[in-house]
Amino acid sequence: MARRLGHVTAFGVMDADIWNTQVAQSYDESSAHMYTPEVLGPTVDFLERRAGRGAALEFAVGTGRVALPLSARGVGVAGIEKSGPMARELGRKRGGSDIAVTAGDMTTARAPGTFSLVYVVYNALTCLLSQSEQVACFRNAAEHLEPGGRFVAEVFIPELQRLPPGETARPIHVGERHVGFDTYDLVKQQVVSHHYSIADGRVSTFLSPHRYVWPAELDLMAELAGLEPSERWADWTEAPFTASSRSHVSVWRKPPTV
């Protein structure tokens, strides 16, 4: 599950201020495990195959963890990013100037042109905290796709089966310098990741809100946007998706014109 960190006090629309300069400058370090070859390699392989000979658009492109290596494979990559500091970090990197970034929200912002692939990774879809925003994201993806193009999303599966009866909190990490746990609101279909970190004798607290969404609900969102289910895997290695999978990588296709 993406642990995108920012100071928040309640559920609401994801505020661009969460993605401030401090968070942007430390984002790659805090997400270092997502840059390892065993994680990033299969991700880029999967997306390169789905892009084919066309261009790709990443929603919430961030600092370019996926966009840059995909671009280095020869795929033309563009991005949409709401946070100016995150986009600036991308621009400073080698190859960053090759990624055309449109400033704006992935629910409404329009990048120039059409694409054979639109994708959103690392649970960024769940950072949209209402069903209507998530539906709008699907519609925006469909509008960017050329006929026959694909929309790919990487999304976690909420761990409700692992919650004891009557409990709403589940630990996600317990270490010497970091403790994290999730709290679930089953009525609102939302989860907050709580992080408490110790560094240099100081304790910092971060809360990261998400709206969890089931695969079947995503399929309905895709249908509302005019997309058809195409593939569903447990991860980027194309492992089978099962009832015990803790995440999924799903692909929806825009029907080709007749």
# chains A, B, ... in the order shown; residues from 1 in each chain; ligands from 1
>>> closest_atom_pairs(of="range 192-238 of chain A", to="range 247-256 of chain A", cutoff="9 Å", atoms="only C-alpha atoms", output="CSV")
residue,atom,partner,partner_atom,distance
A:Pro215,CA,A:His248,CA,8.1
A:Asp219,CA,A:Trp252,CA,8.2
A:Ala222,CA,A:Trp252,CA,7.0
A:Gly226,CA,A:Lys254,CA,6.8
A:Leu227,CA,A:Lys254,CA,4.8
A:Glu228,CA,A:Arg253,CA,5.1
A:Pro229,CA,A:Trp252,CA,4.5
A:Ser230,CA,A:Trp252,CA,5.0
A:Glu231,CA,A:Val251,CA,4.9
A:Arg232,CA,A:Ser250,CA,4.3
A:Trp233,CA,A:Val249,CA,5.2
A:Ala234,CA,A:His248,CA,4.3
A:Asp235,CA,A:Val249,CA,5.5
A:Trp236,CA,A:Val249,CA,6.5
A:Glu238,CA,A:Val249,CA,8.3
>>> write_last_selection(atoms="N, CA and C atoms", output="PDB file, in the first residue's frame")
ATOM      1  N   PRO A 215     -11.859  -4.562  -6.616  1.00  0.00           N
ATOM      2  CA  PRO A 215     -11.746  -4.765  -8.062  1.00  0.00           C
ATOM      3  C   PRO A 215     -13.084  -4.686  -8.796  1.00  0.00           C
ATOM      4  N   ASP A 219     -14.119  -2.219 -11.891  1.00  0.00           N
ATOM      5  CA  ASP A 219     -14.654  -2.667 -13.180  1.00  0.00           C
ATOM      6  C   ASP A 219     -15.901  -1.875 -13.559  1.00  0.00           C
ATOM      7  N   ALA A 222     -14.833   1.473 -14.752  1.00  0.00           N
ATOM      8  CA  ALA A 222     -14.336   1.346 -16.115  1.00  0.00           C
ATOM      9  C   ALA A 222     -15.491   1.283 -17.116  1.00  0.00           C
ATOM     10  N   GLY A 226     -16.637   3.662 -20.428  1.00  0.00           N
ATOM     11  CA  GLY A 226     -16.590   3.087 -21.761  1.00  0.00           C
ATOM     12  C   GLY A 226     -15.422   2.152 -21.991  1.00  0.00           C
ATOM     13  N   LEU A 227     -14.851   1.616 -20.901  1.00  0.00           N
ATOM     14  CA  LEU A 227     -13.720   0.701 -21.000  1.00  0.00           C
ATOM     15  C   LEU A 227     -14.155  -0.723 -20.679  1.00  0.00           C
ATOM     16  N   GLU A 228     -13.410  -1.676 -21.209  1.00  0.00           N
ATOM     17  CA  GLU A 228     -13.739  -3.087 -21.018  1.00  0.00           C
ATOM     18  C   GLU A 228     -12.633  -3.792 -20.215  1.00  0.00           C
ATOM     19  N   PRO A 229     -12.988  -4.690 -19.273  1.00  0.00           N
ATOM     20  CA  PRO A 229     -11.963  -5.454 -18.556  1.00  0.00           C
ATOM     21  C   PRO A 229     -11.124  -6.275 -19.526  1.00  0.00           C
ATOM     22  N   SER A 230      -9.812  -6.272 -19.318  1.00  0.00           N
ATOM     23  CA  SER A 230      -8.907  -6.982 -20.211  1.00  0.00           C
ATOM     24  C   SER A 230      -8.024  -7.981 -19.458  1.00  0.00           C
ATOM     25  N   GLU A 231      -7.409  -7.541 -18.344  1.00  0.00           N
ATOM     26  CA  GLU A 231      -6.513  -8.416 -17.584  1.00  0.00           C
ATOM     27  C   GLU A 231      -6.596  -8.056 -16.106  1.00  0.00           C
ATOM     28  N   ARG A 232      -6.293  -9.035 -15.264  1.00  0.00           N
ATOM     29  CA  ARG A 232      -6.117  -8.756 -13.835  1.00  0.00           C
ATOM     30  C   ARG A 232      -5.099  -9.744 -13.270  1.00  0.00           C
ATOM     31  N   TRP A 233      -4.042  -9.200 -12.671  1.00  0.00           N
ATOM     32  CA  TRP A 233      -2.967  -9.987 -12.102  1.00  0.00           C
ATOM     33  C   TRP A 233      -2.761  -9.603 -10.643  1.00  0.00           C
ATOM     34  N   ALA A 234      -2.071 -10.454  -9.902  1.00  0.00           N
ATOM     35  CA  ALA A 234      -1.783 -10.142  -8.507  1.00  0.00           C
ATOM     36  C   ALA A 234      -0.696  -9.085  -8.381  1.00  0.00           C
ATOM     37  N   ASP A 235       0.195  -9.021  -9.371  1.00  0.00           N
ATOM     38  CA  ASP A 235       1.293  -8.058  -9.331  1.00  0.00           C
ATOM     39  C   ASP A 235       1.848  -7.880 -10.735  1.00  0.00           C
ATOM     40  N   TRP A 236       2.946  -7.134 -10.827  1.00  0.00           N
ATOM     41  CA  TRP A 236       3.532  -6.811 -12.137  1.00  0.00           C
ATOM     42  C   TRP A 236       4.194  -8.010 -12.799  1.00  0.00           C
ATOM     43  N   GLU A 238       2.793 -10.737 -13.281  1.00  0.00           N
ATOM     44  CA  GLU A 238       1.670 -11.473 -13.863  1.00  0.00           C
ATOM     45  C   GLU A 238       1.395 -12.766 -13.105  1.00  0.00           C
TER      46      GLU A 238
END
>>> closest_atom_pairs(of="range 35-68 of chain A", to="range 111-133 of chain A", cutoff="10 Å", atoms="only C-alpha atoms", output="tab-separated table")
residue	atom	partner	partner_atom	distance
A:Thr43	CA	A:Val121	CA	9.0
A:Leu47	CA	A:Leu117	CA	8.0
A:Glu48	CA	A:Leu117	CA	9.1
A:Arg49	CA	A:Leu117	CA	9.9
A:Arg50	CA	A:Leu117	CA	6.7
A:Ala51	CA	A:Leu117	CA	5.1
A:Gly52	CA	A:Ser116	CA	7.5
A:Arg53	CA	A:Ser116	CA	8.1
A:Gly54	CA	A:Ser116	CA	5.1
A:Ala55	CA	A:Phe115	CA	5.1
A:Ala56	CA	A:Leu117	CA	4.6
A:Leu57	CA	A:Val118	CA	4.7
A:Glu58	CA	A:Tyr119	CA	5.1
A:Phe59	CA	A:Val120	CA	5.2
A:Ala60	CA	A:Val120	CA	6.8
A:Val61	CA	A:Val120	CA	8.0
A:Gly62	CA	A:Ala124	CA	9.9
A:Arg65	CA	A:Val121	CA	9.9
A:Val66	CA	A:Val121	CA	8.4
>>> residues_around(residues="range 68-72 of chain A", least_positions_apart="5", cutoff="8 Å", atoms="only C-alpha atoms", output="PyMOL selection string")
chain A and resi 44+47-48+77+95-96+98-99
>>> select_by_dssp(residues="range 115-229 of chain A", states="strand (DSSP E or B)", output="PyMOL selection string")
chain A and resi 115-120+145-156+169-174+178-185+190-199+202-211+228-229
>>> residues_around(residues="Ala225 in chain A", least_positions_apart="6", cutoff="8 Å", atoms="only C-alpha atoms", output="VMD selection string")
chain A and resid 135 138 to 139 142
>>> residues_around(residues="Thr237 in chain A", least_positions_apart="5", cutoff="10 Å", atoms="only C-alpha atoms", output="number ranges by chain")
A: 38-39, 41-43, 45-46, 249
>>> write_last_selection(atoms="all heavy atoms", output="PDB file, in the first residue's frame")
ATOM      1  N   GLU A  38      13.953  -5.708  -8.394  1.00  0.00           N
ATOM      2  CA  GLU A  38      12.911  -6.729  -8.360  1.00  0.00           C
ATOM      3  C   GLU A  38      11.508  -6.127  -8.334  1.00  0.00           C
ATOM      4  O   GLU A  38      10.524  -6.789  -8.693  1.00  0.00           O
ATOM      5  CB  GLU A  38      13.092  -7.665  -7.162  1.00  0.00           C
ATOM      6  CG  GLU A  38      13.110  -6.992  -5.808  1.00  0.00           C
ATOM      7  CD  GLU A  38      14.503  -6.615  -5.339  1.00  0.00           C
ATOM      8  OE1 GLU A  38      15.381  -6.404  -6.201  1.00  0.00           O
ATOM      9  OE2 GLU A  38      14.705  -6.541  -4.111  1.00  0.00           O
ATOM     10  N   VAL A  39      11.379  -4.872  -7.918  1.00  0.00           N
ATOM     11  CA  VAL A  39      10.085  -4.187  -7.941  1.00  0.00           C
ATOM     12  C   VAL A  39       9.913  -3.397  -9.236  1.00  0.00           C
ATOM     13  O   VAL A  39       8.903  -3.523  -9.938  1.00  0.00           O
ATOM     14  CB  VAL A  39       9.934  -3.248  -6.726  1.00  0.00           C
ATOM     15  CG1 VAL A  39       8.665  -2.407  -6.857  1.00  0.00           C
ATOM     16  CG2 VAL A  39       9.904  -4.051  -5.441  1.00  0.00           C
ATOM     17  N   GLY A  41      11.755  -3.388 -12.111  1.00  0.00           N
ATOM     18  CA  GLY A  41      11.948  -4.085 -13.377  1.00  0.00           C
ATOM     19  C   GLY A  41      10.670  -4.675 -13.952  1.00  0.00           C
ATOM     20  O   GLY A  41      10.297  -4.375 -15.105  1.00  0.00           O
ATOM     21  N   PRO A  42       9.940  -5.515 -13.198  1.00  0.00           N
ATOM     22  CA  PRO A  42       8.691  -6.070 -13.722  1.00  0.00           C
ATOM     23  C   PRO A  42       7.639  -5.006 -14.036  1.00  0.00           C
ATOM     24  O   PRO A  42       6.839  -5.178 -14.959  1.00  0.00           O
ATOM     25  CB  PRO A  42       8.223  -6.993 -12.598  1.00  0.00           C
ATOM     26  CG  PRO A  42       9.464  -7.347 -11.849  1.00  0.00           C
ATOM     27  CD  PRO A  42      10.319  -6.128 -11.906  1.00  0.00           C
ATOM     28  N   THR A  43       7.630  -3.916 -13.264  1.00  0.00           N
ATOM     29  CA  THR A  43       6.675  -2.833 -13.520  1.00  0.00           C
ATOM     30  C   THR A  43       6.896  -2.238 -14.903  1.00  0.00           C
ATOM     31  O   THR A  43       5.958  -2.091 -15.703  1.00  0.00           O
ATOM     32  CB  THR A  43       6.818  -1.734 -12.449  1.00  0.00           C
ATOM     33  OG1 THR A  43       6.658  -2.302 -11.158  1.00  0.00           O
ATOM     34  CG2 THR A  43       5.789  -0.633 -12.666  1.00  0.00           C
ATOM     35  N   ASP A  45       8.650  -3.527 -17.403  1.00  0.00           N
ATOM     36  CA  ASP A  45       8.436  -4.554 -18.433  1.00  0.00           C
ATOM     37  C   ASP A  45       6.964  -4.658 -18.803  1.00  0.00           C
ATOM     38  O   ASP A  45       6.600  -4.699 -19.990  1.00  0.00           O
ATOM     39  CB  ASP A  45       8.923  -5.918 -17.925  1.00  0.00           C
ATOM     40  CG  ASP A  45      10.432  -6.012 -17.810  1.00  0.00           C
ATOM     41  OD1 ASP A  45      11.135  -5.183 -18.415  1.00  0.00           O
ATOM     42  OD2 ASP A  45      10.909  -6.919 -17.090  1.00  0.00           O
ATOM     43  N   PHE A  46       6.124  -4.724 -17.782  1.00  0.00           N
ATOM     44  CA  PHE A  46       4.678  -4.870 -17.989  1.00  0.00           C
ATOM     45  C   PHE A  46       4.137  -3.689 -18.795  1.00  0.00           C
ATOM     46  O   PHE A  46       3.403  -3.869 -19.778  1.00  0.00           O
ATOM     47  CB  PHE A  46       3.994  -4.947 -16.625  1.00  0.00           C
ATOM     48  CG  PHE A  46       2.523  -5.241 -16.670  1.00  0.00           C
ATOM     49  CD1 PHE A  46       2.047  -6.509 -16.384  1.00  0.00           C
ATOM     50  CD2 PHE A  46       1.595  -4.246 -16.966  1.00  0.00           C
ATOM     51  CE1 PHE A  46       0.682  -6.782 -16.392  1.00  0.00           C
ATOM     52  CE2 PHE A  46       0.234  -4.511 -16.978  1.00  0.00           C
ATOM     53  CZ  PHE A  46      -0.227  -5.782 -16.697  1.00  0.00           C
ATOM     54  N   VAL A 249      -2.935  -5.723 -10.259  1.00  0.00           N
ATOM     55  CA  VAL A 249      -2.650  -4.871 -11.409  1.00  0.00           C
ATOM     56  C   VAL A 249      -3.705  -5.199 -12.454  1.00  0.00           C
ATOM     57  O   VAL A 249      -3.767  -6.326 -12.952  1.00  0.00           O
ATOM     58  CB  VAL A 249      -1.239  -5.122 -11.964  1.00  0.00           C
ATOM     59  CG1 VAL A 249      -1.012  -4.307 -13.237  1.00  0.00           C
ATOM     60  CG2 VAL A 249      -0.179  -4.786 -10.922  1.00  0.00           C
TER      61      VAL A 249
END
>>> closest_residue(among="A:His194, A:His210, A:Leu220, A:Pro158", to="Ala243 in chain A", atoms="only C-alpha atoms")
A:Pro158
>>> residues_around(residues="Trp214 in chain A", least_positions_apart="6", cutoff="9 Å", atoms="only C-alpha atoms", output="ChimeraX atom specification")
/A:155-158
>>> write_last_selection(atoms="C-alpha atoms", output="mmCIF file, in the first residue's frame")
data_model
loop_
_atom_site.group_PDB
_atom_site.id
_atom_site.type_symbol
_atom_site.label_atom_id
_atom_site.label_comp_id
_atom_site.auth_asym_id
_atom_site.auth_seq_id
_atom_site.Cartn_x
_atom_site.Cartn_y
_atom_site.Cartn_z
ATOM 1 C CA VAL A 155 -4.190 -0.976 -6.363
ATOM 2 C CA PHE A 156 -3.996 -2.611 -2.932
ATOM 3 C CA ILE A 157 -6.630 -4.970 -1.553
ATOM 4 C CA PRO A 158 -7.948 -3.754 1.833
#
>>> closest_residue(among="A:Phe181, A:Gly149, A:Tyr35, A:Ala103", to="Thr168 in chain A", atoms="only C-alpha atoms")
A:Phe181
